[in-house]
Amino acid sequence: MTSIRQRFYIRKKDFIHAGEATITLKNILKSMNFDPALIRRMAICGYEGEINVVMHGGDGILDLEIASDHLTLAISDNGPGIEDIELAMTEGFSTATDEHREMGFGAGMGLPNMRKNSDEFRIDSQKGVGTNVSMLFYLKSQGERP
Ligand SMILES: Nc1ncnc2c1ncn2[C@@H]1O[C@H](COP(=O)(O)OP(=O)(O)OP(=O)(O)O)[C@@H](O)[C@H]1O
Ligand SMILES: [Mg+2]
């Protein structure tokens, strides 16, 4: 089974370019005629993941994979990691700084929204090593493919 893969690089603290990978992946998915609702869910997940890498993580990568029956977004960074994943997944929990909040971030809703908008969600993190978030999106039928 062939699949398409596209890798995007994300730089820590690079708020200027944050979100650009998501814009590109949205355009790729649009050009392939995927369901707009699916593209929207993936864009929410991609954007929240990208911002988390920029804001909390280290340098990172976002991998998009398009297979015949599913799509995946895998976002990983080599930042400080998350000590308590359950706490980080709690709606409203945030370690965002005042500066981040002034930019409109820090509601503590990014990770919960990523879980909500993906069909399968997985987060692995190790303190001092980094964080990996992997999300899977099902393709309901071949009708959604070009
Ligand atoms: N890649 C990461 N590296 C280290 N810590 C992270 C990472 N992603 C999330 N976290 C931790 O998990 C917390 C919750 O993340 P979440 O995305 O839900 O909220 P937020 O980023 O703080 O605010 P929002 O996403 O609503 O702007 C963060 O405040 C941070 O402490
Ligand atoms: Mg966030």
# chains A, B, ... in the order shown; residues from 1 in each chain; ligands from 1
$ residues_around --residues "range 10-15 of chain A" --least-positions-apart "5" --cutoff "8 Å" --atoms "only C-alpha atoms" --output "ChimeraX atom specification"
/A:21,50-51,53-62
$ residues_near_ligand --ligand "ligand 2" --cutoff "8 Å" --atoms "only C-alpha atoms and all ligand atoms" --output "list in words"
Glu48, Gly49, Ile51, Asn52, Met55, Ser94, Phe105, Gly106, Ala107, Gly108, Met109, Gly110 and Leu111 of chain A
$ write_last_selection --atoms "all heavy atoms" --output "mmCIF file, in the first residue's frame"
data_model
loop_
_atom_site.group_PDB
_atom_site.id
_atom_site.type_symbol
_atom_site.label_atom_id
_atom_site.label_comp_id
_atom_site.auth_asym_id
_atom_site.auth_seq_id
_atom_site.Cartn_x
_atom_site.Cartn_y
_atom_site.Cartn_z
ATOM 1 N N GLU A 48 -2.870 23.448 16.783
ATOM 2 C CA GLU A 48 -2.648 23.359 18.232
ATOM 3 C C GLU A 48 -1.322 22.659 18.529
ATOM 4 O O GLU A 48 -0.586 23.057 19.438
ATOM 5 C CB GLU A 48 -3.807 22.608 18.918
ATOM 6 C CG GLU A 48 -5.142 23.334 18.873
ATOM 7 C CD GLU A 48 -5.179 24.616 19.714
ATOM 8 O OE1 GLU A 48 -4.225 24.910 20.454
ATOM 9 O OE2 GLU A 48 -6.190 25.340 19.602
ATOM 10 N N GLY A 49 -1.026 21.641 17.741
ATOM 11 C CA GLY A 49 0.231 20.907 17.940
ATOM 12 C C GLY A 49 1.441 21.762 17.616
ATOM 13 O O GLY A 49 2.441 21.766 18.359
ATOM 14 N N ILE A 51 1.625 25.068 17.655
ATOM 15 C CA ILE A 51 1.770 26.125 18.665
ATOM 16 C C ILE A 51 2.376 25.545 19.954
ATOM 17 O O ILE A 51 3.222 26.174 20.589
ATOM 18 C CB ILE A 51 0.402 26.810 18.969
ATOM 19 C CG1 ILE A 51 -0.112 27.534 17.721
ATOM 20 C CG2 ILE A 51 0.524 27.774 20.143
ATOM 21 C CD1 ILE A 51 0.677 28.758 17.309
ATOM 22 N N ASN A 52 1.946 24.345 20.320
ATOM 23 C CA ASN A 52 2.509 23.749 21.540
ATOM 24 C C ASN A 52 4.014 23.535 21.411
ATOM 25 O O ASN A 52 4.757 23.757 22.362
ATOM 26 C CB ASN A 52 1.813 22.429 21.860
ATOM 27 C CG ASN A 52 0.520 22.643 22.629
ATOM 28 O OD1 ASN A 52 0.182 23.771 22.984
ATOM 29 N ND2 ASN A 52 -0.199 21.563 22.873
ATOM 30 N N MET A 55 5.581 27.014 21.635
ATOM 31 C CA MET A 55 5.401 27.668 22.929
ATOM 32 C C MET A 55 6.025 26.899 24.094
ATOM 33 O O MET A 55 6.646 27.497 24.964
ATOM 34 C CB MET A 55 3.889 27.826 23.164
ATOM 35 C CG MET A 55 3.515 28.754 24.261
ATOM 36 S SD MET A 55 1.837 29.388 24.015
ATOM 37 C CE MET A 55 0.855 28.170 24.814
ATOM 38 N N SER A 94 -2.751 24.911 32.131
ATOM 39 C CA SER A 94 -1.770 25.550 31.262
ATOM 40 C C SER A 94 -0.591 26.082 32.062
ATOM 41 O O SER A 94 -0.770 26.621 33.157
ATOM 42 C CB SER A 94 -2.417 26.715 30.504
ATOM 43 O OG SER A 94 -1.444 27.379 29.734
ATOM 44 N N PHE A 105 -2.805 32.883 23.801
ATOM 45 C CA PHE A 105 -2.697 31.448 24.097
ATOM 46 C C PHE A 105 -2.845 31.218 25.601
ATOM 47 O O PHE A 105 -2.917 32.171 26.370
ATOM 48 C CB PHE A 105 -1.328 30.920 23.621
ATOM 49 C CG PHE A 105 -1.058 31.180 22.173
ATOM 50 C CD1 PHE A 105 -0.005 32.009 21.772
ATOM 51 C CD2 PHE A 105 -1.862 30.623 21.193
ATOM 52 C CE1 PHE A 105 0.243 32.259 20.428
ATOM 53 C CE2 PHE A 105 -1.627 30.865 19.846
ATOM 54 C CZ PHE A 105 -0.569 31.684 19.472
ATOM 55 N N GLY A 106 -2.888 29.949 25.969
ATOM 56 C CA GLY A 106 -2.869 29.627 27.391
ATOM 57 C C GLY A 106 -4.224 29.293 27.998
ATOM 58 O O GLY A 106 -4.371 29.307 29.210
ATOM 59 N N ALA A 107 -5.215 28.979 27.161
ATOM 60 C CA ALA A 107 -6.521 28.565 27.699
ATOM 61 C C ALA A 107 -6.468 27.131 28.238
ATOM 62 O O ALA A 107 -7.383 26.683 28.918
ATOM 63 C CB ALA A 107 -7.597 28.675 26.622
ATOM 64 N N GLY A 108 -5.405 26.428 27.909
ATOM 65 C CA GLY A 108 -5.304 25.042 28.353
ATOM 66 C C GLY A 108 -6.272 24.138 27.612
ATOM 67 O O GLY A 108 -6.760 23.135 28.137
ATOM 68 N N MET A 109 -6.543 24.482 26.363
ATOM 69 C CA MET A 109 -7.519 23.727 25.572
ATOM 70 C C MET A 109 -6.898 23.036 24.359
ATOM 71 O O MET A 109 -7.589 22.321 23.637
ATOM 72 C CB MET A 109 -8.639 24.664 25.105
ATOM 73 C CG MET A 109 -9.556 25.138 26.231
ATOM 74 S SD MET A 109 -10.265 23.794 27.200
ATOM 75 C CE MET A 109 -11.345 23.055 25.975
ATOM 76 N N GLY A 110 -5.625 23.276 24.106
ATOM 77 C CA GLY A 110 -4.996 22.718 22.908
ATOM 78 C C GLY A 110 -5.007 21.196 22.873
ATOM 79 O O GLY A 110 -5.556 20.590 21.935
ATOM 80 N N LEU A 111 -4.438 20.577 23.889
ATOM 81 C CA LEU A 111 -4.382 19.103 23.907
ATOM 82 C C LEU A 111 -5.780 18.490 23.970
ATOM 83 O O LEU A 111 -6.074 17.559 23.197
ATOM 84 C CB LEU A 111 -3.499 18.615 25.066
ATOM 85 C CG LEU A 111 -1.991 18.860 24.916
ATOM 86 C CD1 LEU A 111 -1.255 18.471 26.204
ATOM 87 C CD2 LEU A 111 -1.418 18.070 23.739
#
$ atom_distance --atom1 "atom 9 (C, counted along the ligand's line) of ligand 1" --atom2 "CA of Ala18 in chain A"
14.8 Å
$ residues_around --residues "Ile28 in chain A" --least-positions-apart "5" --cutoff "12 Å" --atoms "only C-alpha atoms" --output "VMD selection string"
chain A and resid 4 to 6 21 to 23 33 to 34 39 42 to 43 64 to 66
$ closest_residue --among "A:Thr24, A:Gln126, A:Thr95, A:Asn113" --to "ligand 1" --atoms "only C-alpha atoms and all ligand atoms"
A:Thr95
$ closest_residue --among "A:Arg7, A:His100, A:Arg40, A:Lys140" --to "ligand 1" --atoms "only C-alpha atoms and all ligand atoms"
A:His100
$ atom_distance --atom1 "CA of Phe93 in chain A" --atom2 "atom 2 (C, counted along the ligand's line) of ligand 1"
12.9 Å
$ select_by_dssp --residues "chain A" --states "strand (DSSP E)" --output "PyMOL selection string"
chain A and resi 4-10+60-66+70-77+120-126+130-138
$ decode --residues "range 4-16 of chain A" --atoms "N, CA, C and O atoms" --output "PDB file, in the first residue's frame"
ATOM      1  N   ILE A   4       1.450   8.755   1.063  1.00  0.00           N
ATOM      2  CA  ILE A   4       2.161  10.007   0.819  1.00  0.00           C
ATOM      3  C   ILE A   4       2.608  10.552   2.165  1.00  0.00           C
ATOM      4  O   ILE A   4       1.850  10.548   3.125  1.00  0.00           O
ATOM      5  N   ARG A   5       3.843  10.995   2.230  1.00  0.00           N
ATOM      6  CA  ARG A   5       4.331  11.590   3.468  1.00  0.00           C
ATOM      7  C   ARG A   5       4.902  12.966   3.202  1.00  0.00           C
ATOM      8  O   ARG A   5       5.564  13.175   2.194  1.00  0.00           O
ATOM      9  N   GLN A   6       4.622  13.854   4.111  1.00  0.00           N
ATOM     10  CA  GLN A   6       5.192  15.195   3.996  1.00  0.00           C
ATOM     11  C   GLN A   6       5.681  15.615   5.380  1.00  0.00           C
ATOM     12  O   GLN A   6       4.961  15.473   6.365  1.00  0.00           O
ATOM     13  N   ARG A   7       6.910  16.102   5.455  1.00  0.00           N
ATOM     14  CA  ARG A   7       7.475  16.521   6.748  1.00  0.00           C
ATOM     15  C   ARG A   7       7.620  18.025   6.804  1.00  0.00           C
ATOM     16  O   ARG A   7       8.037  18.661   5.828  1.00  0.00           O
ATOM     17  N   PHE A   8       7.273  18.599   7.957  1.00  0.00           N
ATOM     18  CA  PHE A   8       7.419  20.037   8.185  1.00  0.00           C
ATOM     19  C   PHE A   8       8.291  20.235   9.428  1.00  0.00           C
ATOM     20  O   PHE A   8       8.182  19.467  10.381  1.00  0.00           O
ATOM     21  N   TYR A   9       9.111  21.259   9.393  1.00  0.00           N
ATOM     22  CA  TYR A   9       9.980  21.536  10.536  1.00  0.00           C
ATOM     23  C   TYR A   9       9.439  22.720  11.326  1.00  0.00           C
ATOM     24  O   TYR A   9       9.007  23.718  10.753  1.00  0.00           O
ATOM     25  N   ILE A  10       9.472  22.587  12.633  1.00  0.00           N
ATOM     26  CA  ILE A  10       8.951  23.630  13.522  1.00  0.00           C
ATOM     27  C   ILE A  10      10.087  24.060  14.460  1.00  0.00           C
ATOM     28  O   ILE A  10      10.794  23.205  15.009  1.00  0.00           O
ATOM     29  N   ARG A  11      10.237  25.374  14.599  1.00  0.00           N
ATOM     30  CA  ARG A  11      11.316  25.892  15.456  1.00  0.00           C
ATOM     31  C   ARG A  11      10.767  26.412  16.777  1.00  0.00           C
ATOM     32  O   ARG A  11       9.758  27.122  16.786  1.00  0.00           O
ATOM     33  N   LYS A  12      11.437  26.096  17.850  1.00  0.00           N
ATOM     34  CA  LYS A  12      10.955  26.568  19.152  1.00  0.00           C
ATOM     35  C   LYS A  12      10.979  28.092  19.216  1.00  0.00           C
ATOM     36  O   LYS A  12      11.873  28.735  18.649  1.00  0.00           O
ATOM     37  N   LYS A  13       9.981  28.633  19.867  1.00  0.00           N
ATOM     38  CA  LYS A  13       9.809  30.088  20.071  1.00  0.00           C
ATOM     39  C   LYS A  13       9.638  30.893  18.776  1.00  0.00           C
ATOM     40  O   LYS A  13       9.675  32.111  18.788  1.00  0.00           O
ATOM     41  N   ASP A  14       9.461  30.214  17.660  1.00  0.00           N
ATOM     42  CA  ASP A  14       9.313  30.911  16.370  1.00  0.00           C
ATOM     43  C   ASP A  14       7.835  31.228  16.112  1.00  0.00           C
ATOM     44  O   ASP A  14       7.194  30.617  15.248  1.00  0.00           O
ATOM     45  N   PHE A  15       7.319  32.208  16.833  1.00  0.00           N
ATOM     46  CA  PHE A  15       5.904  32.564  16.705  1.00  0.00           C
ATOM     47  C   PHE A  15       5.592  33.190  15.344  1.00  0.00           C
ATOM     48  O   PHE A  15       4.456  33.212  14.905  1.00  0.00           O
ATOM     49  N   ILE A  16       6.622  33.730  14.699  1.00  0.00           N
ATOM     50  CA  ILE A  16       6.424  34.349  13.375  1.00  0.00           C
ATOM     51  C   ILE A  16       5.939  33.307  12.357  1.00  0.00           C
ATOM     52  O   ILE A  16       5.039  33.557  11.571  1.00  0.00           O
TER      53      ILE A  16
END
